[in-house]
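Printed here is query-v8.cif (mmCIF, C-alpha atoms and all ligand atoms):
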```cif
data_my_file
loop_
_atom_site.label_atom_id
_atom_site.label_comp_id
_atom_site.auth_asym_id
_atom_site.auth_seq_id
_atom_site.Cartn_x
_atom_site.Cartn_y
_atom_site.Cartn_z
CA MET A 1 -115.36 -107.98 186.88
CA ALA A 2 -117.95 -109.65 189.11
CA THR A 3 -117.62 -106.82 191.63
CA HIS A 4 -119.64 -104.37 189.53
CA GLN A 5 -122.11 -106.23 187.34
CA THR A 6 -125.78 -105.47 186.92
CA ASP A 7 -128.53 -107.83 188.11
CA GLU A 8 -129.21 -108.63 184.46
CA VAL A 9 -125.60 -109.67 183.86
CA THR A 10 -125.67 -111.71 187.10
CA ARG A 11 -128.81 -113.49 185.82
CA GLU A 12 -127.16 -114.23 182.46
CA ARG A 13 -124.06 -115.62 184.13
CA VAL A 14 -125.98 -117.71 186.67
CA GLU A 15 -127.86 -119.32 183.78
CA GLN A 16 -124.54 -120.56 182.35
CA GLY A 17 -124.01 -123.06 185.17
CA GLU A 18 -125.08 -124.24 188.59
CA CYS A 19 -125.23 -121.40 191.09
CA PHE A 20 -124.82 -122.33 194.76
CA VAL A 21 -125.50 -119.91 197.59
CA ALA A 22 -124.60 -119.96 201.27
CA VAL A 23 -127.34 -118.70 203.56
CA ALA A 24 -127.10 -117.73 207.23
CA ASP A 25 -130.00 -116.35 209.25
CA GLU A 26 -131.99 -116.20 206.02
CA ALA A 27 -129.42 -113.87 204.45
CA LEU A 28 -127.30 -114.64 201.42
CA CYS A 29 -123.66 -114.71 202.55
CA GLY A 30 -121.75 -116.49 199.81
CA THR A 31 -121.97 -117.81 196.29
CA ILE A 32 -120.12 -119.84 193.67
CA LEU A 33 -121.03 -120.68 190.08
CA PHE A 34 -120.01 -124.12 188.84
CA LYS A 35 -119.78 -124.82 185.09
CA GLU A 36 -119.43 -128.38 183.94
CA VAL A 37 -117.35 -129.61 180.99
CA GLY A 38 -118.76 -128.23 177.76
CA ARG A 39 -120.10 -125.06 179.34
CA THR A 40 -116.66 -123.46 179.74
CA GLY A 41 -114.80 -121.67 176.97
CA GLY A 42 -112.98 -118.59 175.80
CA CYS A 43 -109.38 -119.67 176.27
CA HIS A 44 -107.28 -122.70 175.33
CA TRP A 45 -107.65 -124.44 178.72
CA TYR A 46 -111.37 -123.72 179.11
CA ASP A 47 -111.97 -125.10 175.62
CA ARG A 48 -110.68 -128.56 176.61
CA ASP A 49 -113.23 -131.35 176.86
CA ASP A 50 -112.19 -132.49 180.35
CA VAL A 51 -112.12 -129.12 182.15
CA ALA A 52 -114.91 -127.77 184.38
CA CYS A 53 -114.60 -124.41 186.12
CA PHE A 54 -116.02 -122.15 188.80
CA GLY A 55 -116.49 -118.38 189.06
CA GLN A 56 -118.79 -115.68 190.43
CA PHE A 57 -117.21 -116.61 193.75
CA ALA A 58 -117.60 -114.41 196.83
CA VAL A 59 -118.28 -114.41 200.57
CA GLU A 60 -119.88 -111.63 202.58
CA PRO A 61 -116.94 -109.50 203.78
CA LYS A 62 -117.69 -109.72 207.50
CA LEU A 63 -117.88 -113.52 207.28
CA GLN A 64 -114.65 -114.00 205.33
CA ALA A 65 -111.67 -115.97 206.68
CA ASN A 66 -113.94 -118.48 208.45
CA GLY A 67 -113.58 -121.28 205.92
CA LEU A 68 -116.78 -120.62 203.98
CA GLY A 69 -114.90 -119.91 200.74
CA ARG A 70 -112.98 -123.15 201.08
CA ARG A 71 -116.28 -125.02 201.57
CA LEU A 72 -117.80 -123.44 198.46
CA ILE A 73 -114.75 -124.45 196.41
CA ALA A 74 -114.98 -127.99 197.81
CA LEU A 75 -118.59 -128.08 196.64
CA ALA A 76 -117.60 -127.00 193.11
CA GLU A 77 -114.81 -129.59 193.08
CA ALA A 78 -117.26 -132.30 194.14
CA ARG A 79 -119.64 -131.29 191.34
CA ALA A 80 -116.76 -131.35 188.84
CA ALA A 81 -115.83 -134.87 189.92
CA ALA A 82 -119.45 -136.02 189.91
CA THR A 83 -119.97 -134.72 186.38
CA GLY A 84 -116.88 -136.50 185.01
CA ALA A 85 -114.33 -133.69 184.74
CA ARG A 86 -110.60 -134.40 185.03
CA GLU A 87 -109.76 -130.80 185.93
CA ILE A 88 -111.46 -127.89 187.62
CA ALA A 89 -110.21 -124.46 186.64
CA LEU A 90 -110.68 -120.84 187.65
CA ASP A 91 -109.50 -117.45 186.54
CA THR A 92 -108.61 -114.39 188.52
CA ALA A 93 -106.86 -111.07 187.98
CA GLU A 94 -103.11 -111.45 187.60
CA SER A 95 -102.63 -108.67 190.15
CA ALA A 96 -104.63 -110.51 192.84
CA THR A 97 -101.50 -112.21 194.15
CA HIS A 98 -103.09 -113.02 197.55
CA LEU A 99 -105.81 -115.00 195.71
CA VAL A 100 -103.32 -116.74 193.42
CA SER A 101 -101.30 -117.80 196.50
CA TRP A 102 -104.41 -119.04 198.26
CA TYR A 103 -105.57 -121.06 195.24
CA MET A 104 -102.08 -122.58 195.03
CA ARG A 105 -102.38 -123.62 198.68
CA LEU A 106 -105.65 -125.31 197.73
CA GLY A 107 -103.89 -127.35 195.04
CA TYR A 108 -104.38 -125.17 191.94
CA ARG A 109 -101.49 -124.58 189.52
CA PHE A 110 -100.79 -121.89 186.94
CA ILE A 111 -101.90 -122.85 183.41
CA GLU A 112 -101.86 -119.75 181.20
CA HIS A 113 -102.70 -116.08 180.93
CA ALA A 114 -105.92 -114.86 179.33
CA GLN A 115 -107.07 -111.45 178.18
CA TRP A 116 -110.87 -111.29 178.24
CA THR A 117 -112.51 -108.71 176.02
CA HIS A 118 -114.57 -107.39 178.97
CA THR A 119 -111.66 -106.73 181.36
CA ASN A 120 -108.87 -104.17 181.30
CA TYR A 121 -106.43 -106.48 183.11
CA ARG A 122 -104.77 -109.78 182.34
CA SER A 123 -106.14 -112.87 184.04
CA VAL A 124 -104.45 -116.06 185.14
CA ILE A 125 -106.03 -119.44 184.49
CA MET A 126 -105.39 -121.93 187.29
CA SER A 127 -106.43 -125.56 187.47
CA LYS A 128 -106.54 -128.53 189.81
CA THR A 129 -106.45 -132.17 188.76
CA LEU A 130 -109.26 -134.12 190.38
CA GLN A 131 -108.01 -137.20 192.20
CA ARG A 132 -109.01 -140.55 190.71
CA SER A 133 -110.48 -141.60 194.05
CA VAL A 134 -112.72 -138.51 193.95
CA ILE A 135 -113.68 -139.22 190.34
CA GLY A 136 -114.47 -142.80 191.31
C1 LIG B 1 -112.06 -115.15 197.95
C2 LIG B 1 -113.17 -115.31 199.01
C3 LIG B 1 -114.43 -115.83 198.33
C4 LIG B 1 -112.68 -116.32 200.04
O1 LIG B 1 -113.74 -116.54 200.98
P1 LIG B 1 -113.43 -116.85 202.52
O2 LIG B 1 -114.69 -117.30 203.15
O3 LIG B 1 -112.72 -115.71 203.14
O4 LIG B 1 -112.43 -118.09 202.35
P2 LIG B 1 -111.76 -118.99 203.48
O5 LIG B 1 -112.12 -118.44 204.84
O6 LIG B 1 -112.11 -120.40 203.19
O7 LIG B 1 -110.22 -118.83 203.18
C5 LIG B 1 -109.65 -117.59 202.95
C6 LIG B 1 -108.15 -117.72 202.98
O8 LIG B 1 -107.60 -116.42 202.91
C7 LIG B 1 -106.97 -116.12 204.17
N1 LIG B 1 -107.35 -114.76 204.54
C8 LIG B 1 -108.58 -114.29 204.66
N2 LIG B 1 -108.54 -112.98 204.99
C9 LIG B 1 -107.23 -112.66 205.05
C10 LIG B 1 -106.54 -111.45 205.31
N3 LIG B 1 -107.17 -110.31 205.60
N4 LIG B 1 -105.19 -111.48 205.24
C11 LIG B 1 -104.55 -112.62 204.96
N5 LIG B 1 -105.16 -113.79 204.69
C12 LIG B 1 -106.48 -113.80 204.73
C13 LIG B 1 -107.50 -117.15 205.15
O9 LIG B 1 -106.58 -117.40 206.18
C14 LIG B 1 -107.65 -118.35 204.24
O10 LIG B 1 -106.44 -118.99 203.98
P3 LIG B 1 -106.22 -120.53 204.37
O11 LIG B 1 -107.33 -121.31 203.72
O12 LIG B 1 -104.88 -120.89 203.83
O13 LIG B 1 -106.30 -120.57 205.88
C15 LIG B 1 -113.47 -113.97 199.73
O14 LIG B 1 -112.27 -113.46 200.24
C16 LIG B 1 -114.12 -112.93 198.84
O15 LIG B 1 -115.35 -112.89 198.69
N6 LIG B 1 -113.32 -112.04 198.21
C17 LIG B 1 -113.84 -110.99 197.34
C18 LIG B 1 -114.31 -111.56 196.01
C19 LIG B 1 -113.19 -112.31 195.30
O16 LIG B 1 -112.03 -111.89 195.28
N7 LIG B 1 -113.58 -113.48 194.73
C20 LIG B 1 -112.67 -114.35 194.01
C21 LIG B 1 -112.51 -113.89 192.60
S1 LIG B 1 -111.46 -115.01 191.68
#
```
Could you render the structure from this file as structure tokens?
Amino acid sequence: MATHQTDEVTRERVEQGECFVAVADEALCGTILFKEVGRTGGCHWYDRDDVACFGQFAVEPKLQANGLGRRLIALAEARAAATGAREIALDTAESATHLVSWYMRLGYRFIEHAQWTHTNYRSVIMSKTLQRSVIG
């Protein structure tokens, strides 16, 4: 869904959380939107009071596979821990099996399916438990 949204929709979504950007040579080359507990919603897992999430996640194609995506996720996870969440969740298209596998390698597990009103595909909700040592 985030691949073809208008600037106005991007602005609305960015206002729903904390938007981080990666910049190289003064050019935007990556982004992730972190939403703390209480700002997520729309499915059973996102409605929980201990779940943060991230979305609007992308890296400039020619810079992909260099670890930037992993660093952006680590940033969102750190914000989730710092803001008191027990879990950080994400959703992606069920058909994006390469992404689902990658998120599993990063410690995320399958939670449930979701059917958003604005998409014509089913999504998977995945989540990672934040370590107590990270939560402090
Ligand atoms: C998902 C995305 C943000 C990841 O960013 P990235 O900077 O490439 O991420 P990283 O370099 O940290 O890691 C990418 C992983 O995919 C693997 N990968 C990257 N390109 C690959 C390719 N062509 N074939 C196979 N594996 C590939 C990397 O090896 C790495 O796996 P690892 O961490 O186990 O080594 C980026 O691919 C992207 O912008 N995709 C399009 C938008 C999108 O799908 N966003 C997510 C929506 S839920």
Checklist entry - Got a sec: who's within 10 Å of Gly38 of chain A, counting only C-alpha atoms, leaving out chain neighbours fewer than 2 positions off, as a list in words? => result Lys35, Glu36, Thr40, Gly41, Tyr46, Asp47, Arg48, Asp49, Asp50, Val51, Ala52 and Ala85 of chain A
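Near Leu72 of chain A, within a cut-off of 12 Å and counting all atoms listed in the file, sit the residues Cys19, Phe20, Val21, Ala22, Val23, Cys29, Gly30, Thr31, Ile32, Leu33, Phe34, Phe54, Gly55, Gln56, Phe57, Ala58, Val59, Asn66, Gly67, Leu68, Gly69, Leu75, Ala76, Glu77, Ala78 and Arg79 of chain A, with same-chain residues fewer than 3 positions away left out.
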Keeping only C-alpha atoms, write those residues as a PDB file, keeping the file's coordinate frame.
```
ATOM      1  CA  CYS A  19    -125.230-121.400 191.090  1.00  0.00           C
ATOM      2  CA  PHE A  20    -124.820-122.330 194.760  1.00  0.00           C
ATOM      3  CA  VAL A  21    -125.500-119.910 197.590  1.00  0.00           C
ATOM      4  CA  ALA A  22    -124.600-119.960 201.270  1.00  0.00           C
ATOM      5  CA  VAL A  23    -127.340-118.700 203.560  1.00  0.00           C
ATOM      6  CA  CYS A  29    -123.660-114.710 202.550  1.00  0.00           C
ATOM      7  CA  GLY A  30    -121.750-116.490 199.810  1.00  0.00           C
ATOM      8  CA  THR A  31    -121.970-117.810 196.290  1.00  0.00           C
ATOM      9  CA  ILE A  32    -120.120-119.840 193.670  1.00  0.00           C
ATOM     10  CA  LEU A  33    -121.030-120.680 190.080  1.00  0.00           C
ATOM     11  CA  PHE A  34    -120.010-124.120 188.840  1.00  0.00           C
ATOM     12  CA  PHE A  54    -116.020-122.150 188.800  1.00  0.00           C
ATOM     13  CA  GLY A  55    -116.490-118.380 189.060  1.00  0.00           C
ATOM     14  CA  GLN A  56    -118.790-115.680 190.430  1.00  0.00           C
ATOM     15  CA  PHE A  57    -117.210-116.610 193.750  1.00  0.00           C
ATOM     16  CA  ALA A  58    -117.600-114.410 196.830  1.00  0.00           C
ATOM     17  CA  VAL A  59    -118.280-114.410 200.570  1.00  0.00           C
ATOM     18  CA  ASN A  66    -113.940-118.480 208.450  1.00  0.00           C
ATOM     19  CA  GLY A  67    -113.580-121.280 205.920  1.00  0.00           C
ATOM     20  CA  LEU A  68    -116.780-120.620 203.980  1.00  0.00           C
ATOM     21  CA  GLY A  69    -114.900-119.910 200.740  1.00  0.00           C
ATOM     22  CA  LEU A  75    -118.590-128.080 196.640  1.00  0.00           C
ATOM     23  CA  ALA A  76    -117.600-127.000 193.110  1.00  0.00           C
ATOM     24  CA  GLU A  77    -114.810-129.590 193.080  1.00  0.00           C
ATOM     25  CA  ALA A  78    -117.260-132.300 194.140  1.00  0.00           C
ATOM     26  CA  ARG A  79    -119.640-131.290 191.340  1.00  0.00           C
TER      27      ARG A  79
END
```
Checklist entry - Distance atom CA of Arg13 of chain A-atom CA of Ala93 of chain A, one decimal place? => result 18.2 Å
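Straight-line separation from atom CA of Trp45 of chain A to atom CA of Leu130 of chain A: 15.2 Å.
Coordinates place atom O11 of ligand LIG 1 (chain B) at a distance of 10.9 Å from atom CA of Ile73 of chain A.
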Checklist entry - Within 12 Å of (-96.7, -124.1, 188.3), all atoms listed in the file: residues as number ranges by chain? => result A: 100-101, 103-105, 107-112, 124-128
